[in-house]
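A.B. asks: This is the structure, below, for whatever I ask next.
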Amino acid sequence: MKKLMPLIVFLVLCFLPLIGLSSYVMHILVLVIMWSIIGMAWNLLGGYCGQVSFGHAAFFGMGAYSSGLLYHHLGISAWWGLLVSVPVLAITSLVIGFICLRLRGAYFALATLALGEVLRVTAENLVKFTQGDLGILIKQRTWVEKTWYFYVILLLAAGSFFLIKKVMKSKLGYYFVAIREDQDAANSLGINTTLYKTIALCLSGILTGIAGAFYMNYMGYIDPTTVFPLYDISIVTVMVVMVGGVATYSGPVIGALIMVFLAEVIRSMPRIGAAHQTLFGILLIFIIIFLPNGIVGDFRKITGRFKPRGALK
Amino acid sequence: MSLLHIQRVSKRFGGLAALTDVSYSVERGEILGLIGPNGAGKTTLFNVVNGFYPPTKGDVFFKGEKISHLQPYQICKRGVGRTFQVVRPLQRMTVLDNVIASAFLRAKDKAEAERIALDIVEFTGLYEDRSLVSKGLPLGKRKKLEIARALATQPEMLLLDESFAGLNPSEQNELIDIIRRVKTKGITIMIIEHHMKVIMSLSDRVVVLNYGEKIAEGTSQEIGNNPLVIEAYLGEAERASN
């Protein structure tokens, strides 16, 4: 049953658009699935390989811009961005890895945080190339309906889920976890830690970038503050995984679901809406204290709460 | 040609000379004990051989090839495995997964890695505990796991850093047995140890360090009678009891 769960979820999602959901609900679903991909990508690097990044907006933004710039400068469909973002993000990840992966722990996190910001400022100021704060607008979006966007992102998410599962069951997965648990020990067991951390970063960066490229196509408009922001992308990415469950397969999906819904609910509340970042911060503190392994990781703890004490099964 | 040759190795940390001009060789198939008082530089020497520190001066040769200035993972690939004084299992992995992770160094695929790992888990007496998460393992088993992990990289030489510290006598005997069986597999061993009984019963030869310098080298018999060693390390009483 547990093994079939991802397949069941996938099939249910496949049929979901057929029941005629409103455009708004479809929009929320697309966002949830997109955030699942970003969460899964972050989880690969931060959860399994132990390299916590606070700069995933860098990858998301690079993906979005590689898609947008293709359209803007070459006049070809922004959908090519899904493909082009792969090599672009691979190179970006190599560069970022070269700079940041020599650092450990908090220093790595800080370096990625800085790099995300550097890219935002760069995108703002390379006005000739990126149009700066004007942003990039796709004049005509491919579909008016959300349905096809939904299927595209669903396929991408299923692909990412499958890929990550495959990776984690292979030598790579063992090496990632070994590096997370103890880098020096891993090193002396013959694991080239720099190489494997770079591989994790590349995979993570590419998946995040693809989500970014999709975002460009889906929203039809990007500017530096929507695709490179520290709070709305980098921090929310970390939260999606923390809330859902670090180093679990389904954690990022659950986390994305909760975070997107929560963001929508809070934003629509009068007065409190503007303080959604504050509320997210408080939520994060609660999660870290009470559910350090996230909802999936601490599932037993949550269900245990509601069972009567001392009851026999 | 000796398997490992340490040639005039010095290691300084700023003004502190942790190792000064240490030279000796380890022959293929032997167990070499490395002893010395606390702070003598034993673990530092391991860290130099293993590649964590480059030597300030001198070189380390393994099978005639210079390995100083290589990274630890490269040295491991060439056939030197090591354990740590403070045990460092990959905590949130099971015992078997710990060993599988190491076995991947030489295994072509996961099936082979698993096969190697199961063999070694059996060999080190951890078979019953193979699916336990290594975090909760008692010290004795964690020490065995350290050895199992190092063995899974299929080394020609094994560096054991105080594998016996903190073990009770029966665990010590089990471990002595494991190490003897490792030796019969043709793996050369260099071992740091404080338990004199262990060192004397296991080692073919012993090297003694004191304040970062080699003060003696010889069979355990010779070392036990060397006045310099007795003064620096064993003490009169210890000698009397032997």
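Chain labels run A, B, ... following the order of the structure tokens; each chain numbers its residues from 1, and ligands are numbered from 1 in the order shown.
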Can you list, as a PyMOL selection string, every protein, DNA or RNA residue that comes within 10 Å of A:Leu94 when you count only C-alpha atoms, leaving out same-chain residues fewer than 3 positions away?

C.D. replies: chain A and resi 88-91+97-101+198-199+201-202+205

A.B. asks: Taking only C-alpha atoms into account and nothing else, which residues of chain B lie no more than 6 Å away from chain A? Please answer as a VMD selection string.

C.D. replies: chain B and resid 72 to 73 76 to 77 90 101 to 102

A.B. asks: Of the residues B:Leu139, B:Leu16, B:Ala40, B:Val48, which is the one nearest to B:Pro89, using only C-alpha atoms?

C.D. replies: B:Leu139

A.B. asks: If we count only C-alpha atoms, what is near stretch 41-43 of chain B at a cut-off of 8 Å, once residues fewer than 4 positions away on the same chain are taken out, given as a PyMOL selection string?

C.D. replies: chain B and resi 18-19+34-36+47+161+192+209-212

A.B. asks: Determine, counting only C-alpha atoms, which protein, DNA and RNA residues have an atom within 7 Å of an atom of stretch 244-257 of chain A; residues of the same chain fewer than 2 positions away are not included. Present the result as a PDB file with N, CA and C atoms, in the first residue's frame.

C.D. replies:
ATOM      1  N   VAL A  32       1.086  24.212  -5.905  1.00  0.00           N
ATOM      2  CA  VAL A  32       1.464  23.150  -4.955  1.00  0.00           C
ATOM      3  C   VAL A  32       2.436  22.174  -5.626  1.00  0.00           C
ATOM      4  N   TRP A  35       5.815  23.757  -6.207  1.00  0.00           N
ATOM      5  CA  TRP A  35       6.591  23.836  -4.966  1.00  0.00           C
ATOM      6  C   TRP A  35       7.070  22.462  -4.507  1.00  0.00           C
ATOM      7  N   SER A  36       6.286  21.422  -4.843  1.00  0.00           N
ATOM      8  CA  SER A  36       6.758  20.083  -4.517  1.00  0.00           C
ATOM      9  C   SER A  36       8.076  19.796  -5.216  1.00  0.00           C
ATOM     10  N   GLY A  39      10.770  21.721  -3.541  1.00  0.00           N
ATOM     11  CA  GLY A  39      11.041  21.079  -2.250  1.00  0.00           C
ATOM     12  C   GLY A  39      11.824  19.794  -2.417  1.00  0.00           C
ATOM     13  N   MET A  40      11.424  18.970  -3.382  1.00  0.00           N
ATOM     14  CA  MET A  40      12.145  17.715  -3.613  1.00  0.00           C
ATOM     15  C   MET A  40      13.589  17.998  -3.978  1.00  0.00           C
ATOM     16  N   ASN A  43      15.445  19.094  -0.983  1.00  0.00           N
ATOM     17  CA  ASN A  43      15.578  17.955  -0.084  1.00  0.00           C
ATOM     18  C   ASN A  43      16.741  17.054  -0.489  1.00  0.00           C
ATOM     19  N   GLY A  47      18.377  17.755   2.533  1.00  0.00           N
ATOM     20  CA  GLY A  47      17.899  16.681   3.387  1.00  0.00           C
ATOM     21  C   GLY A  47      18.791  15.457   3.330  1.00  0.00           C
ATOM     22  N   TYR A  48      19.094  15.004   2.119  1.00  0.00           N
ATOM     23  CA  TYR A  48      19.853  13.765   2.000  1.00  0.00           C
ATOM     24  C   TYR A  48      21.351  13.997   2.049  1.00  0.00           C
ATOM     25  N   VAL A 240       9.080  24.534   3.135  1.00  0.00           N
ATOM     26  CA  VAL A 240       8.315  23.442   2.531  1.00  0.00           C
ATOM     27  C   VAL A 240       8.879  22.100   3.000  1.00  0.00           C
ATOM     28  N   VAL A 241      10.199  21.993   2.963  1.00  0.00           N
ATOM     29  CA  VAL A 241      10.816  20.718   3.335  1.00  0.00           C
ATOM     30  C   VAL A 241      10.775  20.499   4.848  1.00  0.00           C
ATOM     31  N   MET A 242      11.026  21.561   5.601  1.00  0.00           N
ATOM     32  CA  MET A 242      11.011  21.427   7.062  1.00  0.00           C
ATOM     33  C   MET A 242       9.628  21.022   7.566  1.00  0.00           C
ATOM     34  N   MET A 259       2.103  24.650   2.806  1.00  0.00           N
ATOM     35  CA  MET A 259       2.618  26.013   2.698  1.00  0.00           C
ATOM     36  C   MET A 259       1.827  26.840   1.688  1.00  0.00           C
ATOM     37  N   VAL A 260       1.486  26.255   0.546  1.00  0.00           N
ATOM     38  CA  VAL A 260       0.756  27.029  -0.462  1.00  0.00           C
ATOM     39  C   VAL A 260      -0.640  27.392   0.061  1.00  0.00           C
ATOM     40  N   PHE A 261      -1.314  26.400   0.655  1.00  0.00           N
ATOM     41  CA  PHE A 261      -2.637  26.684   1.194  1.00  0.00           C
ATOM     42  C   PHE A 261      -2.571  27.732   2.302  1.00  0.00           C
ATOM     43  N   ASN A 293      11.302  16.634  12.722  1.00  0.00           N
ATOM     44  CA  ASN A 293      11.430  15.825  11.510  1.00  0.00           C
ATOM     45  C   ASN A 293      10.314  16.086  10.519  1.00  0.00           C
ATOM     46  N   GLY A 294       9.524  17.120  10.765  1.00  0.00           N
ATOM     47  CA  GLY A 294       8.447  17.458   9.843  1.00  0.00           C
ATOM     48  C   GLY A 294       7.233  16.570  10.034  1.00  0.00           C
ATOM     49  N   ILE A 295       6.199  16.864   9.250  1.00  0.00           N
ATOM     50  CA  ILE A 295       4.945  16.133   9.427  1.00  0.00           C
ATOM     51  C   ILE A 295       5.088  14.666   9.029  1.00  0.00           C
ATOM     52  N   VAL A 296       5.776  14.406   7.947  1.00  0.00           N
ATOM     53  CA  VAL A 296       5.959  13.008   7.541  1.00  0.00           C
ATOM     54  C   VAL A 296       6.914  12.290   8.497  1.00  0.00           C
ATOM     55  N   GLY A 297       8.025  12.954   8.822  1.00  0.00           N
ATOM     56  CA  GLY A 297       9.026  12.337   9.691  1.00  0.00           C
ATOM     57  C   GLY A 297       8.503  12.052  11.091  1.00  0.00           C
TER      58      GLY A 297
END

A.B. asks: If I take atom CA of A:Tyr151 and atom CA of A:Ser53, how far is one from the other in Å, to one decimal?

C.D. replies: 28.9 Å

A.B. asks: Quick one: residues within 12 Å of B:Arg12, only C-alpha atoms, excluding same-chain residues fewer than 2 positions away - as a list in words?

C.D. replies: Val9, Ser10, Gly14, Gly15, Leu16, Ala17, Ala18, Leu19, Thr20, Asp21, Gly41, Thr44, Leu45, Val48, Tyr53, Pro54, Pro55, Thr56, Lys57, Gly58 and Gly212 of chain B

A.B. asks: Suppose you want the space between atom CA of B:Arg92 and atom CA of B:Ser134; what is it in Å?

C.D. replies: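 Between atom CA of B:Arg92 and atom CA of B:Ser134 the gap works out to 6.6 Å.
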
A.B. asks: Just to confirm, what's the straight-line distance from atom CA of B:Glu146 to atom CA of B:Thr83 in Å (one decimal)?

C.D. replies: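 Atom CA of B:Thr83 lies 5.6 Å from atom CA of B:Glu146.
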
A.B. asks: Could you write out, as a ChimeraX atom specification, all the residues of stretch 12-169 of chain A that DSSP marks as alpha helix (DSSP H)?

C.D. replies: /A:12-15,23-42,56-69,80-100,105-125,127-130,147-169

A.B. asks: Residues of the last selection are to be written out with C-alpha atoms, as a compact mmCIF listing (two decimals), in the first residue's frame.

C.D. replies:
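And here's result19.txt as it stands now:
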# COMPACT_ATOMS: atom_id res chain seq x y z
CA VAL A 12 -5.91 10.84 -8.71
CA LEU A 13 -4.19 14.05 -9.76
CA CYS A 14 -4.36 12.98 -13.40
CA PHE A 15 -8.14 12.78 -13.22
CA SER A 23 -9.54 28.26 -12.42
CA TYR A 24 -8.49 29.44 -8.95
CA VAL A 25 -8.33 25.94 -7.51
CA MET A 26 -6.36 24.78 -10.53
CA HIS A 27 -3.95 27.65 -9.99
CA ILE A 28 -3.40 26.61 -6.39
CA LEU A 29 -2.84 23.00 -7.46
CA VAL A 30 -0.28 24.05 -10.06
CA LEU A 31 1.55 26.05 -7.41
CA VAL A 32 1.46 23.15 -4.96
CA ILE A 33 2.96 20.80 -7.53
CA MET A 34 5.57 23.34 -8.58
CA TRP A 35 6.59 23.84 -4.97
CA SER A 36 6.76 20.08 -4.52
CA ILE A 37 9.41 19.95 -7.23
CA ILE A 38 11.40 22.76 -5.65
CA GLY A 39 11.04 21.08 -2.25
CA MET A 40 12.15 17.72 -3.61
CA ALA A 41 15.12 19.37 -5.25
CA TRP A 42 16.12 21.14 -2.06
CA HIS A 56 17.57 28.16 -3.96
CA ALA A 57 16.02 31.29 -5.44
CA ALA A 58 19.27 31.51 -7.40
CA PHE A 59 18.43 28.29 -9.24
CA PHE A 60 14.75 29.09 -9.57
CA GLY A 61 15.51 32.53 -10.97
CA MET A 62 18.18 31.24 -13.33
CA GLY A 63 15.68 28.72 -14.71
CA ALA A 64 12.99 31.34 -15.10
CA TYR A 65 15.36 33.78 -16.76
CA SER A 66 16.92 31.24 -19.11
CA SER A 67 13.41 30.54 -20.32
CA GLY A 68 12.37 34.19 -20.45
CA LEU A 69 15.54 35.40 -22.15
CA TRP A 80 12.42 25.61 -24.79
CA GLY A 81 13.50 26.98 -21.46
CA LEU A 82 12.58 23.67 -19.85
CA LEU A 83 15.33 22.04 -21.91
CA VAL A 84 17.79 24.91 -22.00
CA SER A 85 17.60 25.42 -18.26
CA VAL A 86 19.22 21.99 -17.78
CA PRO A 87 22.68 22.90 -19.14
CA VAL A 88 22.37 26.48 -17.85
CA LEU A 89 21.63 25.27 -14.34
CA ALA A 90 24.28 22.57 -14.53
CA ILE A 91 26.87 25.27 -15.24
CA THR A 92 25.42 27.63 -12.63
CA SER A 93 25.51 24.84 -10.06
CA LEU A 94 29.11 24.02 -10.91
CA VAL A 95 30.11 27.64 -10.41
CA ILE A 96 28.12 27.99 -7.20
CA GLY A 97 29.45 24.64 -6.02
CA PHE A 98 33.00 25.65 -6.76
CA ILE A 99 32.57 28.73 -4.60
CA CYS A 100 30.32 27.42 -1.82
CA GLY A 105 27.50 23.82 7.60
CA ALA A 106 26.36 27.32 8.42
CA TYR A 107 29.04 28.86 6.22
CA PHE A 108 27.73 27.00 3.20
CA ALA A 109 24.20 28.17 4.02
CA LEU A 110 25.36 31.78 4.32
CA ALA A 111 27.33 31.63 1.09
CA THR A 112 24.32 30.32 -0.85
CA LEU A 113 22.16 32.98 0.73
CA ALA A 114 24.58 35.63 -0.46
CA LEU A 115 24.77 34.17 -3.95
CA GLY A 116 21.00 34.21 -4.32
CA GLU A 117 21.02 37.89 -3.48
CA VAL A 118 23.95 38.54 -5.80
CA LEU A 119 22.00 37.04 -8.68
CA ARG A 120 18.93 39.13 -7.87
CA VAL A 121 20.94 42.34 -7.85
CA THR A 122 22.68 41.26 -11.05
CA ALA A 123 19.37 40.61 -12.79
CA GLU A 124 18.15 44.01 -11.64
CA ASN A 125 21.17 45.82 -13.01
CA VAL A 127 19.20 46.14 -17.76
CA LYS A 128 20.23 45.63 -21.38
CA PHE A 129 20.21 41.87 -21.05
CA THR A 130 17.43 41.19 -18.56
CA THR A 147 -5.44 22.33 -17.45
CA TRP A 148 -2.44 21.81 -19.71
CA TYR A 149 -0.11 23.71 -17.39
CA PHE A 150 -1.36 21.39 -14.70
CA TYR A 151 -0.45 18.30 -16.71
CA VAL A 152 2.97 19.66 -17.67
CA ILE A 153 3.94 20.40 -14.08
CA LEU A 154 2.42 17.13 -12.89
CA LEU A 155 4.60 15.18 -15.33
CA LEU A 156 7.66 17.15 -14.29
CA ALA A 157 6.90 16.46 -10.63
CA ALA A 158 6.34 12.75 -11.24
CA GLY A 159 9.62 12.65 -13.15
CA SER A 160 11.47 14.41 -10.31
CA PHE A 161 9.95 12.11 -7.70
CA PHE A 162 10.95 9.03 -9.67
CA LEU A 163 14.44 10.36 -10.39
CA ILE A 164 15.13 11.20 -6.75
CA LYS A 165 13.90 7.81 -5.61
CA LYS A 166 16.14 6.14 -8.16
CA VAL A 167 19.13 8.25 -7.14
CA MET A 168 18.63 7.59 -3.44
CA LYS A 169 18.54 3.84 -3.98
